[in-house]
$ cat model-v2.cif   # mmCIF, C-alpha atoms
data_query
loop_
_atom_site.label_atom_id
_atom_site.label_comp_id
_atom_site.auth_asym_id
_atom_site.auth_seq_id
_atom_site.Cartn_x
_atom_site.Cartn_y
_atom_site.Cartn_z
CA MET M 1 161.31 127.11 -176.92
CA GLY M 2 161.97 128.19 -173.31
CA ARG M 3 159.72 131.23 -173.51
CA ARG M 4 156.80 129.33 -174.95
CA ALA M 5 156.99 126.75 -172.15
CA TYR M 6 157.02 129.54 -169.59
CA PHE M 7 153.82 131.10 -171.02
CA PHE M 8 152.15 127.69 -171.34
CA THR M 9 152.86 126.92 -167.66
CA LEU M 10 151.60 130.34 -166.58
CA ASP M 11 148.39 129.82 -168.61
CA ALA M 12 147.87 126.42 -166.96
CA PHE M 13 148.21 127.91 -163.45
CA ILE M 14 145.76 130.74 -164.27
CA ALA M 15 143.26 128.23 -165.71
CA MET M 16 143.61 126.00 -162.66
CA GLY M 17 143.05 129.02 -160.36
CA ILE M 18 139.88 129.97 -162.26
CA VAL M 19 138.56 126.39 -162.00
CA VAL M 20 139.28 126.21 -158.25
CA VAL M 21 137.61 129.59 -157.59
CA GLY M 22 134.62 128.54 -159.73
CA LEU M 23 134.22 125.25 -157.88
CA PHE M 24 134.54 127.02 -154.55
CA LEU M 25 131.80 129.49 -155.49
CA ILE M 26 129.49 126.75 -156.78
CA LEU M 27 129.93 124.48 -153.76
CA THR M 28 129.53 127.22 -151.15
CA SER M 29 126.51 128.94 -152.67
CA TYR M 30 123.88 126.29 -151.93
CA ALA M 31 120.26 127.31 -151.40
CA TYR M 32 119.43 127.83 -147.72
CA ARG M 33 116.43 125.80 -146.61
CA PRO M 34 115.53 126.03 -142.93
CA ILE M 35 115.06 122.84 -140.98
CA THR M 36 111.38 122.60 -140.06
CA SER M 37 111.40 119.22 -138.35
CA GLN M 38 111.84 120.59 -134.79
CA GLY M 39 109.11 123.19 -135.31
CA THR M 40 106.76 120.58 -136.77
CA VAL M 41 107.38 118.22 -133.88
CA SER M 42 106.94 121.02 -131.32
CA SER M 43 103.70 122.26 -132.88
CA GLY M 44 102.23 118.76 -133.06
CA ASP M 45 103.39 117.92 -129.54
CA ILE M 46 101.84 121.05 -128.06
CA ILE M 47 98.42 120.47 -129.59
CA LEU M 48 98.54 116.74 -128.78
CA ASN M 49 99.52 117.47 -125.19
CA LEU M 50 96.77 120.07 -124.80
CA ALA M 51 94.17 117.72 -126.31
CA ALA M 52 95.19 114.61 -124.33
CA THR M 53 95.96 115.97 -120.85
CA GLU M 54 93.08 116.35 -118.40
CA VAL M 55 92.76 119.44 -116.25
CA THR M 56 93.28 117.46 -113.03
CA GLU M 57 96.65 116.12 -114.26
CA ILE M 58 98.30 119.54 -114.21
CA ASN M 59 100.38 120.66 -111.25
CA SER M 60 99.60 124.38 -111.21
CA ASP M 61 98.37 126.63 -108.41
CA TYR M 62 96.23 128.61 -110.85
CA VAL M 63 94.50 125.46 -112.12
CA TYR M 64 93.94 124.27 -108.52
CA LEU M 65 92.36 127.65 -107.73
CA LEU M 66 90.01 127.37 -110.72
CA LEU M 67 89.05 123.84 -109.68
CA ARG M 68 88.45 124.83 -106.04
CA ASN M 69 86.31 127.89 -106.75
CA GLY M 70 84.16 126.03 -109.31
CA THR M 71 85.24 127.96 -112.40
CA ILE M 72 86.21 124.67 -114.02
CA THR M 73 83.09 122.53 -113.77
CA ASN M 74 84.11 119.46 -115.77
CA ARG M 75 87.24 117.90 -114.27
CA LYS M 76 87.52 115.48 -117.23
CA ASN M 77 88.02 118.30 -119.78
CA SER M 78 91.27 118.30 -121.65
CA LEU M 79 93.36 121.46 -121.44
CA LEU M 80 92.33 122.43 -124.96
CA GLN M 81 88.65 121.78 -124.22
CA GLN M 82 88.86 123.94 -121.10
CA ALA M 83 90.54 126.80 -123.00
CA ALA M 84 87.85 126.54 -125.69
CA GLU M 85 85.17 126.52 -122.99
CA PHE M 86 86.59 129.78 -121.64
CA TYR M 87 86.40 131.12 -125.21
CA VAL M 88 82.78 129.99 -125.64
CA ASN M 89 81.84 131.66 -122.32
CA ARG M 90 83.59 134.90 -123.39
CA GLN M 91 86.31 134.58 -120.75
CA GLU M 92 89.32 134.97 -123.05
CA SER M 93 91.53 136.58 -120.38
CA MET M 94 90.93 133.64 -118.03
CA GLY M 95 91.65 131.27 -120.93
CA SER M 96 94.90 133.11 -121.61
CA LYS M 97 95.99 132.83 -117.97
CA PHE M 98 94.98 129.16 -117.98
CA LEU M 99 97.05 128.42 -121.11
CA ASN M 100 99.99 130.38 -119.70
CA ALA M 101 99.90 128.30 -116.52
CA THR M 102 99.69 125.02 -118.43
CA THR M 103 102.15 125.62 -121.29
CA TYR M 104 104.87 127.65 -119.60
CA ASN M 105 107.56 124.92 -119.68
CA LEU M 106 106.13 123.00 -122.63
CA VAL M 107 107.96 124.82 -125.45
CA PRO M 108 111.73 125.48 -125.56
CA MET M 109 112.55 129.14 -124.99
CA GLN M 110 114.13 129.66 -128.43
CA TYR M 111 110.71 129.09 -130.03
CA GLY M 112 107.77 131.46 -129.99
CA TYR M 113 104.25 130.10 -130.19
CA ASN M 114 100.64 131.17 -130.58
CA ILE M 115 97.58 129.23 -129.46
CA SER M 116 94.38 130.41 -131.09
CA ILE M 117 90.81 129.19 -130.84
CA ASN M 118 88.42 130.09 -133.64
CA ARG M 119 91.09 132.48 -135.03
CA THR M 120 91.23 134.37 -131.72
CA THR M 121 94.62 134.40 -130.04
CA MET M 122 94.23 132.94 -126.59
CA HIS M 123 97.90 132.82 -125.61
CA HIS M 124 101.26 133.56 -127.21
CA ARG M 125 104.91 133.86 -126.34
CA GLY M 126 107.18 136.03 -128.44
CA GLU M 127 106.40 137.98 -131.57
CA MET M 128 106.60 136.46 -135.02
CA LEU M 129 108.99 138.62 -137.02
CA PRO M 130 109.24 138.81 -140.80
CA SER M 131 112.71 137.30 -140.39
CA SER M 132 111.36 134.18 -138.62
CA THR M 133 112.91 131.24 -140.45
CA VAL M 134 110.54 128.46 -139.40
CA VAL M 135 106.77 128.88 -138.99
CA VAL M 136 104.72 125.71 -138.51
CA ALA M 137 100.99 125.46 -137.77
CA THR M 138 99.02 122.48 -136.49
CA ARG M 139 95.23 122.49 -136.33
CA THR M 140 92.54 120.41 -134.67
CA VAL M 141 88.85 120.66 -133.81
CA VAL M 142 87.56 121.03 -130.24
CA PHE M 143 84.09 120.40 -128.85
CA GLY M 144 82.59 119.77 -125.45
CA VAL M 145 79.65 120.09 -123.07
CA PHE M 146 78.95 122.96 -120.68
CA ASN M 147 75.84 122.98 -118.44
CA ASP M 148 74.25 120.14 -120.44
CA THR M 149 74.67 122.12 -123.68
CA MET M 150 77.00 120.92 -126.37
CA TRP M 151 79.29 123.50 -127.93
CA GLY M 152 81.55 123.20 -130.95
CA PRO M 153 83.11 122.14 -133.15
CA ILE M 154 85.58 125.00 -132.89
CA PRO M 155 88.91 125.09 -134.76
CA ALA M 156 92.05 125.35 -132.63
CA GLU M 157 95.50 126.10 -133.95
CA VAL M 158 99.05 126.14 -132.59
CA ARG M 159 101.74 128.06 -134.48
CA VAL M 160 105.40 127.63 -133.60
CA TRP M 161 108.20 129.79 -135.01
CA ARG M 162 111.85 130.38 -134.55
#

$ encode --input "model-v2.cif" --output "structure tokens"
Amino acid sequence: MGRRAYFFTLDAFIAMGIVVVGLFLILTSYAYRPITSQGTVSSGDIILNLAATEVTEINSDYVYLLLRNGTITNRKNSLLQQAAEFYVNRQESMGSKFLNATTYNLVPMQYGYNISINRTTMHHRGEMLPSSTVVVATRTVVFGVFNDTMWGPIPAEVRVWR
């Protein structure tokens, strides 16, 4: 009887070890799903900030220069309208410098972003890699008036990734 009890106890410990290892593997192998809430908030905040802030509200030497020399004619334009106006007037490089001056401290450094107008990249920071875990895009429509001529609607998009 003593030998049978010994083998039964050994079998119970082996079975318990298999169950513990199985539970450990099941509980630690959950599906990874990246958290997109910060990217979504950042993307929406960037486009909302660009669409709601007037050119004269920005504290930037480059923007002051553009206002003084008459490059920016409508002081009531939002930042996004002004960038789109540069796009409409085929001044993409000036639009890129303008967006760089106005969005430099807007996005945390661990995020890359791309601002495009009519599918043309106007400004970006960082390169989106295939290994980027979070990519969020927010879109809006921009329109305005330049020299008594209405332009638009033009699609604008902000992509944020990590």

$ residues_near_point --input "model-v2.cif" --point "(96.8, 127.8, -117.4)" --cutoff "10 Å" --atoms "all atoms listed in the file" --output "number ranges by chain"
M: 55, 58, 60-64, 66, 79, 82-83, 94-104, 123

$ atom_distance --input "model-v2.cif" --atom1 "atom CA of M:Thr9" --atom2 "atom CA of M:Leu27"
26.9 Å

$ atom_distance --input "model-v2.cif" --atom1 "atom CA of M:Leu50" --atom2 "atom CA of M:Gln81"
8.3 Å

$ atom_distance --input "model-v2.cif" --atom1 "atom CA of M:Lys76" --atom2 "atom CA of M:Ser93"
21.7 Å

$ closest_residue --input "model-v2.cif" --among "M:Asn59, M:Thr73, M:Gln91, M:Ser43" --to "M:Asn147" --atoms "all atoms listed in the file"
M:Thr73

$ closest_atom_pairs --input "model-v2.cif" --of "stretch 8-121 of chain M" --to "stretch 126-131 of chain M" --cutoff "12 Å" --atoms "only C-alpha atoms" --output "tab-separated table"
residue	atom	partner	partner_atom	distance
M:Pro34	CA	M:Ser131	CA	11.9
M:Val107	CA	M:Gly126	CA	11.6
M:Pro108	CA	M:Gly126	CA	11.8
M:Met109	CA	M:Gly126	CA	9.4
M:Gln110	CA	M:Gly126	CA	9.4
M:Tyr111	CA	M:Gly126	CA	7.9
M:Gly112	CA	M:Gly126	CA	4.9
M:Tyr113	CA	M:Gly126	CA	6.8
M:Asn114	CA	M:Gly126	CA	8.4
M:Ile115	CA	M:Gly126	CA	11.8

$ residues_near_point --input "model-v2.cif" --point "(87.8, 117.6, -120.3)" --cutoff "12 Å" --atoms "all atoms listed in the file" --output "list of chain:residue names"
M:Leu50, M:Ala51, M:Ala52, M:Thr53, M:Glu54, M:Val55, M:Thr56, M:Glu57, M:Ile72, M:Thr73, M:Asn74, M:Arg75, M:Lys76, M:Asn77, M:Ser78, M:Leu79, M:Leu80, M:Gln81, M:Gln82, M:Ala83, M:Ala84, M:Glu85, M:Val142, M:Phe143, M:Gly144, M:Val145, M:Phe146
